[in-house]
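Raw work-v5.cif, mmCIF, C-alpha atoms (C1' of nucleotides):
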data_work
loop_
_atom_site.label_atom_id
_atom_site.label_comp_id
_atom_site.auth_asym_id
_atom_site.auth_seq_id
_atom_site.Cartn_x
_atom_site.Cartn_y
_atom_site.Cartn_z
CA MET C 783 0.00 0.00 0.00
CA LYS C 784 1.44 3.32 -1.08
CA ILE C 785 0.39 6.13 1.22
CA VAL C 786 1.18 9.82 0.81
CA THR C 787 0.66 13.16 2.49
CA TRP C 788 0.59 16.54 0.76
CA ASN C 789 -0.27 20.03 1.89
CA VAL C 790 -1.79 21.37 -1.33
CA ASN C 791 -2.27 25.00 -0.17
CA SER C 792 -5.69 25.29 -1.85
CA LEU C 793 -7.18 22.24 -3.51
CA LYS C 794 -9.00 24.49 -5.93
CA VAL C 795 -5.74 25.81 -7.36
CA ARG C 796 -3.84 22.52 -7.03
CA LEU C 797 -6.47 20.10 -8.39
CA PRO C 798 -4.77 19.80 -11.82
CA HIS C 799 -1.41 19.15 -10.14
CA LEU C 800 -2.99 16.54 -7.87
CA LEU C 801 -4.82 14.73 -10.67
CA GLY C 802 -1.72 14.56 -12.83
CA TRP C 803 0.44 13.42 -9.96
CA ILE C 804 -1.84 10.63 -8.69
CA GLU C 805 -2.25 9.34 -12.25
CA HIS C 806 1.53 9.07 -12.47
CA GLU C 807 2.32 7.98 -8.91
CA LYS C 808 -0.74 5.79 -8.33
CA PRO C 809 -0.88 6.11 -4.54
CA ASP C 810 -3.42 3.99 -2.69
CA VAL C 811 -4.09 6.53 0.05
CA VAL C 812 -3.62 10.31 -0.12
CA ALA C 813 -3.91 12.64 2.87
CA LEU C 814 -4.38 16.30 1.95
CA GLN C 815 -4.09 19.42 4.10
CA GLU C 816 -5.03 23.06 3.55
CA THR C 817 -7.76 22.28 1.05
CA LYS C 818 -9.22 25.72 1.91
CA LEU C 819 -12.62 24.60 0.61
CA ASP C 820 -16.01 24.43 2.22
CA ASP C 821 -17.43 20.90 1.90
CA PRO C 822 -19.95 21.74 -0.86
CA ALA C 823 -17.06 23.02 -3.01
CA PHE C 824 -14.98 19.83 -2.69
CA PRO C 825 -14.04 18.52 -6.17
CA ARG C 826 -15.77 15.22 -5.54
CA SER C 827 -16.48 14.08 -9.08
CA ALA C 828 -12.99 14.73 -10.48
CA LEU C 829 -11.36 12.66 -7.74
CA GLU C 830 -13.95 9.88 -7.89
CA ALA C 831 -13.45 9.73 -11.65
CA ALA C 832 -9.73 9.26 -10.96
CA GLY C 833 -10.64 6.09 -9.06
CA TYR C 834 -10.65 7.28 -5.45
CA GLY C 835 -13.07 7.10 -2.61
CA ILE C 836 -13.03 10.39 -0.74
CA ALA C 837 -13.64 11.84 2.68
CA PHE C 838 -13.19 15.46 3.67
CA SER C 839 -13.62 17.96 6.45
CA GLY C 840 -13.32 21.49 5.17
CA GLN C 841 -14.03 25.10 5.86
CA LYS C 842 -13.88 28.28 3.85
CA THR C 843 -10.50 30.00 3.30
CA TYR C 844 -8.47 28.20 5.98
CA ASN C 845 -7.40 24.70 6.98
CA GLY C 846 -9.36 21.73 5.61
CA VAL C 847 -8.27 18.07 5.39
CA ALA C 848 -9.19 15.20 3.09
CA LEU C 849 -8.47 11.52 2.48
CA LEU C 850 -8.49 9.76 -0.89
CA SER C 851 -8.29 5.99 -1.16
CA ARG C 852 -8.43 3.30 -3.81
CA PHE C 853 -9.75 1.00 -1.08
CA PRO C 854 -12.92 1.64 0.93
CA LEU C 855 -12.71 4.32 3.60
CA GLU C 856 -14.35 2.95 6.73
CA ASP C 857 -15.31 4.56 10.05
CA VAL C 858 -14.58 8.09 8.87
CA ALA C 859 -14.35 10.58 11.74
CA ALA C 860 -13.36 14.25 11.81
CA GLY C 861 -11.68 16.14 14.62
CA ILE C 862 -10.17 15.17 17.96
CA PRO C 863 -12.95 13.73 20.15
CA GLY C 864 -13.81 15.94 23.08
CA TYR C 865 -11.84 18.88 21.71
CA GLY C 866 -14.20 21.56 20.44
CA ASP C 867 -11.91 22.91 17.75
CA GLU C 868 -13.72 24.83 15.02
CA GLN C 869 -10.68 24.57 12.78
CA LYS C 870 -10.84 21.57 10.44
CA ARG C 871 -7.50 19.90 11.02
CA VAL C 872 -8.07 16.17 11.62
CA LEU C 873 -9.67 13.40 9.59
CA ALA C 874 -9.46 9.67 10.34
CA ALA C 875 -10.53 6.57 8.43
CA THR C 876 -9.74 2.86 8.36
CA VAL C 877 -8.27 1.48 5.13
CA GLN C 878 -7.46 -2.20 4.70
CA GLY C 879 -7.35 -2.63 8.48
CA VAL C 880 -5.03 0.35 8.98
CA ARG C 881 -6.25 3.39 10.91
CA VAL C 882 -5.15 6.45 8.95
CA ILE C 883 -5.22 9.86 10.61
CA CYS C 884 -4.62 12.97 8.52
CA VAL C 885 -3.47 15.96 10.57
CA TYR C 886 -2.87 19.61 9.88
CA VAL C 887 -1.05 20.86 12.96
CA PRO C 888 -1.43 24.61 13.65
CA ASN C 889 1.37 26.76 12.30
CA GLY C 890 1.96 28.76 15.46
CA GLN C 891 2.99 31.96 13.65
CA SER C 892 5.70 32.94 16.17
CA VAL C 893 6.75 31.69 19.57
CA ASP C 894 5.36 34.76 21.35
CA SER C 895 1.90 34.60 19.76
CA ASP C 896 -1.40 33.19 20.99
CA LYS C 897 -1.32 30.88 17.99
CA TYR C 898 1.84 29.28 19.32
CA ARG C 899 0.08 28.59 22.60
CA TYR C 900 -2.82 27.10 20.64
CA LYS C 901 -0.36 24.96 18.68
CA LEU C 902 1.21 23.50 21.83
CA ASP C 903 -2.20 22.92 23.45
CA TRP C 904 -3.42 21.31 20.24
CA LEU C 905 -0.40 18.99 20.13
CA ALA C 906 -1.02 17.98 23.75
CA MET C 907 -4.64 17.11 22.90
CA LEU C 908 -3.52 15.18 19.82
CA THR C 909 -0.96 13.21 21.83
CA ALA C 910 -3.45 12.27 24.55
CA TRP C 911 -5.95 11.14 21.94
CA LEU C 912 -3.40 9.12 19.95
CA ARG C 913 -2.33 7.30 23.11
CA GLU C 914 -5.88 5.93 23.27
CA GLU C 915 -6.16 5.39 19.53
CA LEU C 916 -3.07 3.19 19.59
CA VAL C 917 -4.83 0.86 22.02
CA ARG C 918 -7.89 0.64 19.78
CA HIS C 919 -5.88 0.59 16.55
CA PRO C 920 -2.41 -0.96 16.88
CA LYS C 921 -1.98 -0.49 13.13
CA LEU C 922 -1.92 3.31 13.00
CA VAL C 923 -0.57 5.88 10.56
CA VAL C 924 -0.58 9.56 11.50
CA LEU C 925 0.44 11.71 8.58
CA GLY C 926 0.26 15.29 7.51
CA ASP C 927 1.67 18.75 7.94
CA TYR C 928 3.09 18.80 11.47
CA ASN C 929 4.61 22.27 11.16
CA ILE C 930 7.58 20.94 13.14
CA ALA C 931 11.13 20.32 11.92
CA PRO C 932 12.09 17.58 14.39
CA ALA C 933 15.87 18.01 14.30
CA ASP C 934 18.56 20.32 12.97
CA GLU C 935 19.16 18.01 10.01
CA ASP C 936 15.61 18.88 8.91
CA VAL C 937 16.50 22.58 8.65
CA HIS C 938 18.57 24.25 5.92
CA ASP C 939 20.03 26.79 8.36
CA PRO C 940 19.68 25.56 11.95
CA LYS C 941 21.46 28.60 13.37
CA ALA C 942 19.07 31.04 11.72
CA TRP C 943 16.04 28.97 12.76
CA GLU C 944 17.16 28.17 16.30
CA GLY C 945 14.30 28.86 18.71
CA GLN C 946 12.00 30.03 15.92
CA VAL C 947 8.52 28.68 15.35
CA LEU C 948 8.60 25.25 13.59
CA CYS C 949 11.98 24.54 15.23
CA SER C 950 11.57 25.60 18.84
CA GLU C 951 12.36 23.19 21.66
CA PRO C 952 8.74 22.94 22.96
CA GLU C 953 7.56 21.97 19.48
CA ARG C 954 10.34 19.43 19.11
CA ALA C 955 9.52 18.07 22.56
CA ALA C 956 5.90 17.63 21.41
CA PHE C 957 7.13 15.70 18.36
CA ARG C 958 9.27 13.48 20.59
CA GLY C 959 6.17 12.99 22.73
CA LEU C 960 4.42 11.49 19.71
CA GLU C 961 7.42 9.24 19.09
CA ALA C 962 7.33 8.23 22.75
CA LEU C 963 3.87 6.75 22.13
CA GLY C 964 5.61 4.23 19.88
CA LEU C 965 5.17 6.11 16.60
CA LYS C 966 8.12 6.08 14.19
CA ASP C 967 9.12 8.72 11.68
CA GLY C 968 8.62 6.67 8.50
CA PHE C 969 10.97 8.80 6.43
CA ARG C 970 13.85 8.18 8.82
CA LEU C 971 13.40 4.41 8.77
CA PHE C 972 15.52 4.54 5.61
CA PRO C 973 18.76 6.23 4.52
CA GLN C 974 17.91 9.60 2.99
CA PRO C 975 19.71 12.29 1.03
CA GLU C 976 21.06 15.25 2.94
CA ARG C 977 18.96 18.40 2.75
CA SER C 978 15.70 16.46 2.46
CA TYR C 979 12.91 18.99 2.94
CA THR C 980 9.15 19.16 2.37
CA TRP C 981 8.54 22.90 2.52
CA TRP C 982 10.26 25.89 0.91
CA ASP C 983 9.16 29.50 1.28
CA TYR C 984 7.66 31.01 -1.85
CA ARG C 985 9.90 34.00 -1.32
CA MET C 986 13.56 34.57 -2.08
CA ASN C 987 13.85 31.66 -4.52
CA ALA C 988 14.01 29.39 -1.49
CA PHE C 989 13.36 26.18 -3.44
CA ARG C 990 16.06 26.82 -6.03
CA ARG C 991 18.45 27.70 -3.21
CA LYS C 992 17.52 24.54 -1.27
CA MET C 993 16.37 26.64 1.70
CA GLY C 994 13.76 24.28 3.11
CA LEU C 995 12.43 22.54 6.18
CA ARG C 996 11.17 18.99 6.69
CA ILE C 997 7.86 19.61 8.44
CA ASP C 998 5.52 17.07 6.76
CA HIS C 999 5.73 13.60 8.24
CA ILE C 1000 4.30 10.10 8.16
CA LEU C 1001 4.40 8.47 11.58
CA VAL C 1002 3.68 4.76 11.88
CA SER C 1003 3.01 2.50 14.83
CA GLU C 1004 5.47 -0.30 15.53
CA PRO C 1005 3.44 -3.10 13.87
CA LEU C 1006 3.38 -1.01 10.70
CA ALA C 1007 7.03 0.06 10.91
CA ALA C 1008 7.88 -3.59 10.37
CA ARG C 1009 5.97 -3.42 7.08
CA CYS C 1010 7.57 -0.24 5.73
CA GLN C 1011 9.55 -0.79 2.54
CA ALA C 1012 10.53 2.69 1.39
CA SER C 1013 9.91 6.38 1.96
CA ARG C 1014 10.78 9.47 -0.04
CA ILE C 1015 9.89 13.07 -0.72
CA ASP C 1016 8.79 13.98 -4.25
CA ALA C 1017 10.01 17.54 -4.77
CA THR C 1018 9.28 17.55 -8.50
CA LEU C 1019 5.92 19.25 -8.02
CA ARG C 1020 7.58 22.11 -6.15
CA ALA C 1021 9.20 23.14 -9.44
CA ALA C 1022 5.89 23.15 -11.36
CA GLU C 1023 3.91 26.20 -12.42
CA ARG C 1024 1.88 27.58 -9.51
CA PRO C 1025 3.26 25.02 -7.05
CA SER C 1026 2.19 24.33 -3.51
CA ASP C 1027 4.95 25.41 -1.13
CA HIS C 1028 4.93 21.82 0.22
CA ALA C 1029 6.09 18.60 -1.45
CA PRO C 1030 4.40 15.20 -1.02
CA VAL C 1031 5.90 12.55 1.27
CA ILE C 1032 5.46 8.92 0.17
CA LEU C 1033 5.58 5.74 2.26
CA GLU C 1034 5.34 2.22 0.88
CA LEU C 1035 3.88 -0.44 3.11
CA ALA C 1036 4.09 -4.17 2.41
CA ASP C 1037 0.79 -6.05 2.35
CA ALA C 1038 -0.11 -7.67 5.65
"C1'" DA Y 784 14.37 45.72 11.18
"C1'" DT Y 785 11.61 44.65 7.20
"C1'" DG Y 786 10.01 42.43 3.15
"C1'" DG Y 787 10.17 38.97 0.03
"C1'" DC Y 788 5.48 35.21 -2.23
"C1'" DA Y 789 0.96 33.04 -2.64
"C1'" DG Y 790 -4.17 32.13 -1.78
"C1'" DG Y 791 -8.56 33.76 -0.34
"C1'" DA Y 792 -12.18 37.14 0.48
"C1'" DA Y 793 -13.28 41.31 -0.25
"C1'" DG Y 794 -13.43 45.12 -2.98
"C1'" DC Y 795 -8.83 48.96 -4.69
"C1'" DT Y 796 -6.23 45.97 1.28
"C1'" DC Y 797 -5.74 42.73 4.77
"C1'" DC Y 798 -5.12 38.16 7.05
"C1'" DT Y 799 -2.68 33.86 7.19
"C1'" DG Y 800 0.75 30.80 6.10
"C1'" DA Y 801 5.73 28.77 7.75
#

Re-express the file's structure as structure tokens.
Amino acid sequence: MKIVTWNVNSLKVRLPHLLGWIEHEKPDVVALQETKLDDPAFPRSALEAAGYGIAFSGQKTYNGVALLSRFPLEDVAAGIPGYGDEQKRVLAATVQGVRVICVYVPNGQSVDSDKYRYKLDWLAMLTAWLREELVRHPKLVVLGDYNIAPADEDVHDPKAWEGQVLCSEPERAAFRGLEALGLKDGFRLFPQPERSYTWWDYRMNAFRRKMGLRIDHILVSEPLAARCQASRIDATLRAAERPSDHAPVILELADA
DNA sequence: ATGGCAGGAAGCTCCTGA
């Protein structure tokens, strides 16, 4: 099973990119973030015509998550239970016996902002929920835009980013807290090229200058880690016309 | 110290992203 995550930064704008890419890459499961579409505007027919079952939880202008799957999406659920968050950032479904949770972690804006506080609170709620989910669903994948670069090797200029949002120690501690639940960073299960990033600022020719961060991740529970065969970032789309500022991350899982 | 770029909604500018 090939599973991917991609922050599309507007599904309306990126639908042609997505359709072309899934036709070429043929993923089985796709987790999308920042669809920025209210549910009635979701491009349902185009994605169904491409051969995917779909689930989505969207809102106008901001946030919005979706799951596409070539296999049936079962037990679809949006949001973190018991957490009254109006922002559409979480969508879960079971695919082929694997619980798949798509997450769009808050950005945080800057470490001295209210949004940073919200980000850390949100991550604490996510972690508490996933601890329970792992009991119910030992085969668990949590993938999406985490808005956290877990280590200095995930940052093009660690000195410049030290202590900044996306790289700050409390955010990294929250990421380690997820790992402490038994979740593994799927990308790092395999040798990877240096300067592997998933996001590059639109400004200052950051992509061409390889000034990126690795902030999109696919975490897998231990039973699934044993089934992982490969993982990579596909940066080709970042060089396209009107690109998303994020690149897809791909994980290949052996059949059970 | 600031802006750079992009998308969306609104409406001739601002908010958010990361």

Task: 9 Å contact set for segment 789-794 of chain Y, all atoms listed in the file, chain neighbours under 6 positions out, as a PyMOL selection string - done: chain C and resi 791-792+795+818+842-844+984+1024+1026-1027

Open item on the list: Would you pick out the contacts of Pro825 of chain C at 9 Å or less, using all atoms listed in the file, so that residues sharing its chain but fewer than 5 positions from it are not included, and give the list as a list in words?
Closed with: Leu793, Lys794, Leu797 and Glu830 of chain C

- [ ] When you get a sec, could you note down which chain C residues fall within 12 Å of chain Y, using all atoms listed in the file, as a PyMOL selection string?
- [x] chain C and resi 789-796+816-819+841-845+887-892+897+927-931+943+946-949+980-988+994-998+1024-1028

With 6 Å of padding per side, what axis-aligned box (centre and edge lengths, Å, one decimal) covers all the listed atoms of segment 784-796 of chain Y? Give it as JSON.
{"center_x": 0.5, "center_y": 40.5, "center_z": 3.2, "size_x": 39.8, "size_y": 28.8, "size_z": 27.9}

Open item on the list: Running the PyMOL selection byres ((chain C and resi 1032) around 10) on this model by hand, what would come out? Give it as a PyMOL selection string.
Closed with: chain C and resi 784-788+807+809+811-812+968-969+999-1000+1012-1016+1029-1031+1033-1035

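Our summary of the geometry notes that atom CA of Ser839 of chain C is positioned 21.2 Å from atom CA of Gln878 of chain C.
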
Task: atom CA of Gly959 of chain C to atom CA of Arg1009 of chain C, straight-line distance in Å - done: 22.7 Å

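Neighbours of Gln815 of chain C closer than or equal to 6 Å, with all atoms listed in the file counted and sequence neighbours fewer than 3 positions away skipped, come out as Asn789, Gly846, Val847 and Tyr886 of chain C.
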
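Atom pair atom CA of Arg958 of chain C / atom CA of Thr909 of chain C: separated by 10.3 Å.
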
TODO: Give as JSON, numbers by chain the residues that the PyMOL selection byres ((chain C and resi 1001-1005) around 9) matches when applied to the coordinates above.
DONE: {"C": [916, 920, 921, 922, 923, 924, 925, 926, 960, 961, 963, 964, 965, 966, 967, 968, 969, 999, 1000, 1006, 1007, 1008, 1009, 1010]}
